[in-house]
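Asks: Have a look at this one.
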Amino acid sequence: MSAAPAYSEDKGGSAGPGEPEYGHDPASGGIFSSDYKRHDDLKEMLDTNKDSLKLEAMKRIVAMIARGKNASDLFPAVVKNVACKNIEDPNQLIRASALRVLSSIRVPIIVPIMMLAIKEAASDMSPYVRKTAAHAIPKLYSLDSDQKDQLIEVIEKLLADKTTLVAGSVVMAFEEVCPERIDLIHKNYRKLCNLLIDVEEWGQVVIISMLTRYARTQFLSPTQNESLLEENAEKAFYGSEEDEAKGAGSEETAAAAPARKPYIMDPDHRLLLRNTKPLLQSRSAAVVMAVAQLYFHLAPKAEVGVIAKALVRLLRSHSEVQYVVLQNVATMSIKRRGMFEPYLKSFYIRSTDPTQIKILKLEVLTNLANETNIPTVLREFQTYIRSMDKDFVAATIQAIGRCATNIGRVRDTCLNGLVQLLSNRDELVVAESVVVIKKLLQMQPAQHGEIIKHLAKLTDNIQVPMARASILWLIGEYCEHVPRIAPDVLRKMAKSFTAEEDIVKLQVINLAAKLYLTNSKQTKLLTQYVLSLAKYDQNYDIRDRARFTRQLIVPSEQGGALSRHAKKLFLAPKPAPVLESSFKDRDHFQLGSLSHLLNAKATGYQELPDWPEEAPDPSVRNVEVPEWTKCSNREKRKEKEKPFYSDSEGESGPTESADSDPESESESDSKSSSESGSGESSSESDNEDQDEDEEKGRGSESEQSEEDGKRKTKKKVPEGKGEASSSDEDSDSSSSTSESEMTSESEEEQLEPASWRRKTPPSSKRAPATKEISLLDLEDFTPPSVQPVSPPAIVSTSLAADLEGLTLTDSTLVPSLLSPVSRVGRQELLHRVAGEGLVVDYTFSRQPFSGDPHMVSVHIHFSNSSDTPIKGLHVGTPKLPAGISIQEFPEIESLAPGESATAVMGINFCDSTQAANFQLCTQTRQFYVSIQPPVGELMAPVFMSENEFKKEQGKLMGMNEITEKLMLPDTCRSDHVVVQKVTATANLGRVPCGTSDEYRFAGRTLTSGSLVLLTLDARQAGAAQLTVNSEKMVIGTMLVKDVIQALTQ
Amino acid sequence: MIHSLFLINCSGDIFLEKHWKSVVSQSVCDYFFEAQEKAADVENVPPVISTPHHYLISIYRDKLFFVSVIQTEVPPLFVIEFLHRVADTFQDYFGECSEAAIKDNVVIVYELLEEMLDNGFPLATESNILKELIKPPTILRSVVNSITGSSNVGDTLPTGQLSNIPWRRAGVKYTNNEAYFDVVEEIDAIIDKSGSTVFAEIQGVIDACIKLSGMPDLSLSFMNPRLLDDVSFHPCIRFKRWESERILSFIPPDGNFRLISYRVSSQNLVAIPVYVKHSISFKENSSCGRFDITIGPKQNMGKTIEGITVTVHMPKVVLNMNLTTTQGSYTFDPVTKVLTWDVGKITPQKLPSLKGLVNLQSGAPKPEENPSLNIQFKIQQLAISGLKVNRLDMYGEKYKPFKGVKYVTKAGKFQVYY
């Protein structure tokens, strides 16, 4: 009844006009009047034959119970009327309401009646009643947990239900009653996956989160064999017809294979990923998050990326949603940085954001910072430092510190910026900077004597205890770098010792002890003075510390043994602190869960199990009704139960299969298995869309060629830009092609900054604009009384270097789509003389070939230098070595004299450098030509993080590793040049790297998709070591040769 | 899942509570008040608070806190999403989600909460179903109810719950059949000191107001659907159809609802309709500073920009401002230090400007932090992304509906750095 006081108070206002209503309604008014006669009304109403009155009465009783009101005196009436009569009512809504009322009565006596009612309702004809039965299960369970076994039987029965209405509720009951009985899910797994999209939003969240756990126990980790996966997916792609023919029945043979065998994604695993993906576009943030965590925990690395966009979209939602999403993004961005990098700017902070959101965004920005984007990030941080929100400024300073430790290249820049902040007027800013500087200095103290001196001078002004303590610690730790200042600081501190905070006092003692050990001549008396003061301090910690220190450093008769080692004790080299995200390792909690948010296990949290070593028997998911999977599609179309998403699926079903006819000739197969067949193959391409697109692309070849034709004309526009505009403007081209371009575009966006920024000539290095944009250079500073640190010239040049790329990006702002241009520029295919006026050149454009991702796209430039038009240019019967295939360019009708044209053709070189020979025909002549690709063009860049790179490299050792030593010439020692040369030689993507003198690149061969990892380790004086890891040893060897040639020339 | 709900107003009174399982004492809210005190600002109260026996998940909407009590693990977004849905429902029923409205309709509020959750798990959250169960209050109905003693509980059986299209109630009838769509786009942007765009994207929504009889099946197509790169859908939209044909095909809910929301993020597509020139400077050792701001049209597609408001958060040491403006009016709140300049329309002949002196507290050092500048504006009859509705077709019903589309562009989170 605790609700009553607050409630009656509010009621005062509204009770007047509503009085008759309240008098009539025991659910609201009756509570306060406690007039039990009112219940007679209810009893009467329950006894009538009118449906509406019964419904009304029951609603009120439920309301009373929910308010914590004891309804036990109504118990007999309800049980008599409801449980025994209404549960058999012909109207399904009344049956359902009756059960809801019954199950809401928290009286242990009725447990048996409730059990009976639930059992009965669970086999009711109406799905709505069955849903209510599912809702009643947790209620009964909380009343009497001894009923568990019986309830599990009911749950098992309801899990088999095929309606969307029931699915969500029963899974919720399952999660509350018996989340450990994962075996109950087996038979219903596929059904749940298929129903998922039509279940209501709340049910979706519960089901997805349960299926995440299920999948973790039943399938193999898709990441354990990433490199092998590629090859197998490849096989599956070509062999999909046979696979399909085997059908769902034979899948146990495939997946039951030992774990060490090449990884094949279980079709059921694929089914789950495929069916949840559309839900990323749900309007409900909870559903999007649920799918995102499912992908994060279950999807192969290449596919996780799709969730980033949806999560970024949620950042526009309510601030509470933002808060939760950002927490999860922070965790994800540590493990999968590349995923969010394209959305870096979406995490920029606005002054209107609440502080807690600002700090989370800062966390994400810091996690996303890497070698290439650090200038942009730092510049953004620079703006933040001048914010009015002081907590946020402090967090920004810490973030700068973290960037500095993570990215060696900007360490000095950051340090200098922080030192300048020391003259800020806001003490909090100064204090925070001191603390961060201390941490940074610990990493490389030797070069920074100047900063320490500067800090020492600050002790006069800074009052924030933490900052003072930090400075004192630094001076003590590195007293040999500031031998003259340290004793003076100690002198000053001794003077003010009694007035200091405890934390400062401890550090004074610490400083005194260290100085005594290194410079006892000057500081002996001071130390003794300090220790004596500390001896009589109020705080016992300080007294203890003083006693302890005195025994250690001052030799006495007994303690002699210790004091001999005092120096070792006090001045032992201390490891530098690791500044890392507080979100590190939080991903052992299931993302999106309450436990993850709190970083502590919440009650009732179900651990996310580790992947099994060996896949459990997948046949358990086979359903006895052998036709189930087969008829699912047709059934869906027939069933009026779920017309929505599924009926449109039915609509598009036939067209789809017509499109992909060559793929799925064995039409007799079950739909689900054919889908999973193609899904499997898609794991090798970036995502499913692309795969589907591909199918469509092939199906409608005419469309394809039209598109090509368009591009051909576009190609006269300078490269790169042409690409961008074509994808924007060709709005009438088929959706498939444009979409595949979209994906390639985003890929390029990811890759670009690394390579093309480096191409900017270093001439503008000493640009005068530095002052404007220099990090943390606050213009309204009073000039610091001491000129801090190293000569400013060095500061500014390093800044200029860091920031020059930035001005460039700023001025364009348009995401640049410039492809790294192949080193192999235009090559001649047909000479003017041999071609009788027809000149044909070709280049490797490095753009993904839109028809087939395995093909290298080659741009062919024709120009007519004769004086007659050349007609009917096309490719004649090619004579190709095994495996090599050509996608010809559409015929060029006519080429007028003096004109030129460009066409794109795709060649699948089958990962070899064998030449593709073909005939180039005009109406009158035939020319034999051949295109031989440099090895570097047989691959496409892959974006991966440093850790992934290392992991993959670890898998490609031994035979697959080729190492060569080389000497880098003087002209080729800067970052820019090296990266440019390597990317020009081979179409590889730069992998971010922690150390400054190592360069990493990654790519995949186009045909087989094998990884090619290239590491260049530059050592002193130009010596370097080049390592290539690849399964394709031939490619590896040739690549090493080519890259060395490029670098040493 | 959700155990209890407390509604708390800004002054910290718990004015409504609802329990779905057993009663949880109000004292659990003390943890919430503690967090609220620590946060200083209402926006900074952490949405999730852990207490020894419960977890509190709260949202802040319309000056009210919705605090829910959770006992076991549940996805926090699940609860947050639900609480917002509750607030939306109140808004839908009472026209506003305020303390007064909730107190006035306390019976309906309890009825709604009872139907929305069953034993802590969401049951009926679609507004169409709820309205079938519990009639929204109207003046007429409340008069009738108080005379006849009947309640708001619907007397027909709520069959909507049983249907496959839970968002639409059955048997809808209108004499005028209308379908209106509002395409509303908001520009989120960060502009740096020099006026170049640091970040810009368009956040769009299509809100629909559908008053059509029967079971209409609508399909809405766009001239340029490819602009819609990142979309989230109302559950009524058939996803497959969108994937394959880029057509929005759906059986609409009855009444007002949000059909889709989308994001156009590629920067080259985002036109920035206004530019701002601004400067603020403080003299050393003087309690005065100069302030100057001018605003003008940039890429406005030939439309008038109206409803311009500029909000500047001045540093704390600013005491007062003496400004003159060529257009509109300005106010400076010396407590919150917020300068609001209501500009109105821009006429390109004469650009509106606001300039004058800033007075600082005497003796205070000149401020180091920067003011931040936010802009609001509105452009009628324009979707800045260029999105255009092509046509709306209706199937399944015979009558001819009246159709209309309206476009509006607004500034979203539009910020200019100093």
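A note on labels: chains of the structure tokens are A, B, ... as shown, every chain counts residues from 1, and ligands are counted from 1 in their shown order.
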I need the residues of range 400-452 of chain A that end up classed as helix (DSSP H, G or I) by DSSP on the backbone, written out as a PyMOL selection string.
Replies: chain A and resi 400-406+408-421+427-441+446-452
Asks: Please provide the set of residues having any atom within 10 Å of range 363-370 of chain B, restricted to only C-alpha atoms, with same-chain residues fewer than 2 positions apart removed, written as an MDAnalysis selection string.
Replies: (chainID A and resid 383:390 424:426 778:781) or (chainID B and resid 280:289 313:318 360:361 372:373 417:418)
Asks: Compare A:Ser593, A:Asn370, A:Thr1015, A:Ser97 by their minimum atom-to-atom distance to chain B, counting only C-alpha atoms, and give me the closest one.
Replies: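 Closest residue, counting only C-alpha atoms: A:Ser593.
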Asks: When you look at range 72-87 of chain B with a cut-off of 9 Å (counting only C-alpha atoms), what residues show up, excluding the ones that are within fewer than 3 positions of it in the same chain? I need them as a VMD selection string.
Replies: (chain A and resid 202 205 to 206 209 284 to 287 289 to 290 318 320 to 321 324 to 325 591 to 595 597 601 to 606) or (chain B and resid 1 to 2 47 to 48 54 to 55 57 to 59 61 to 62 66 to 68 90 to 92 97 112 to 113 116 122 125 to 126)
Asks: Need the shell around range 237-249 of chain B: protein/DNA/RNA residues with any atom at most 6 Å away, counting only C-alpha atoms. Skip same-chain ones fewer than 5 positions apart. Format as a PyMOL selection string?
Replies: (chain A and resi 645) or (chain B and resi 218-221)
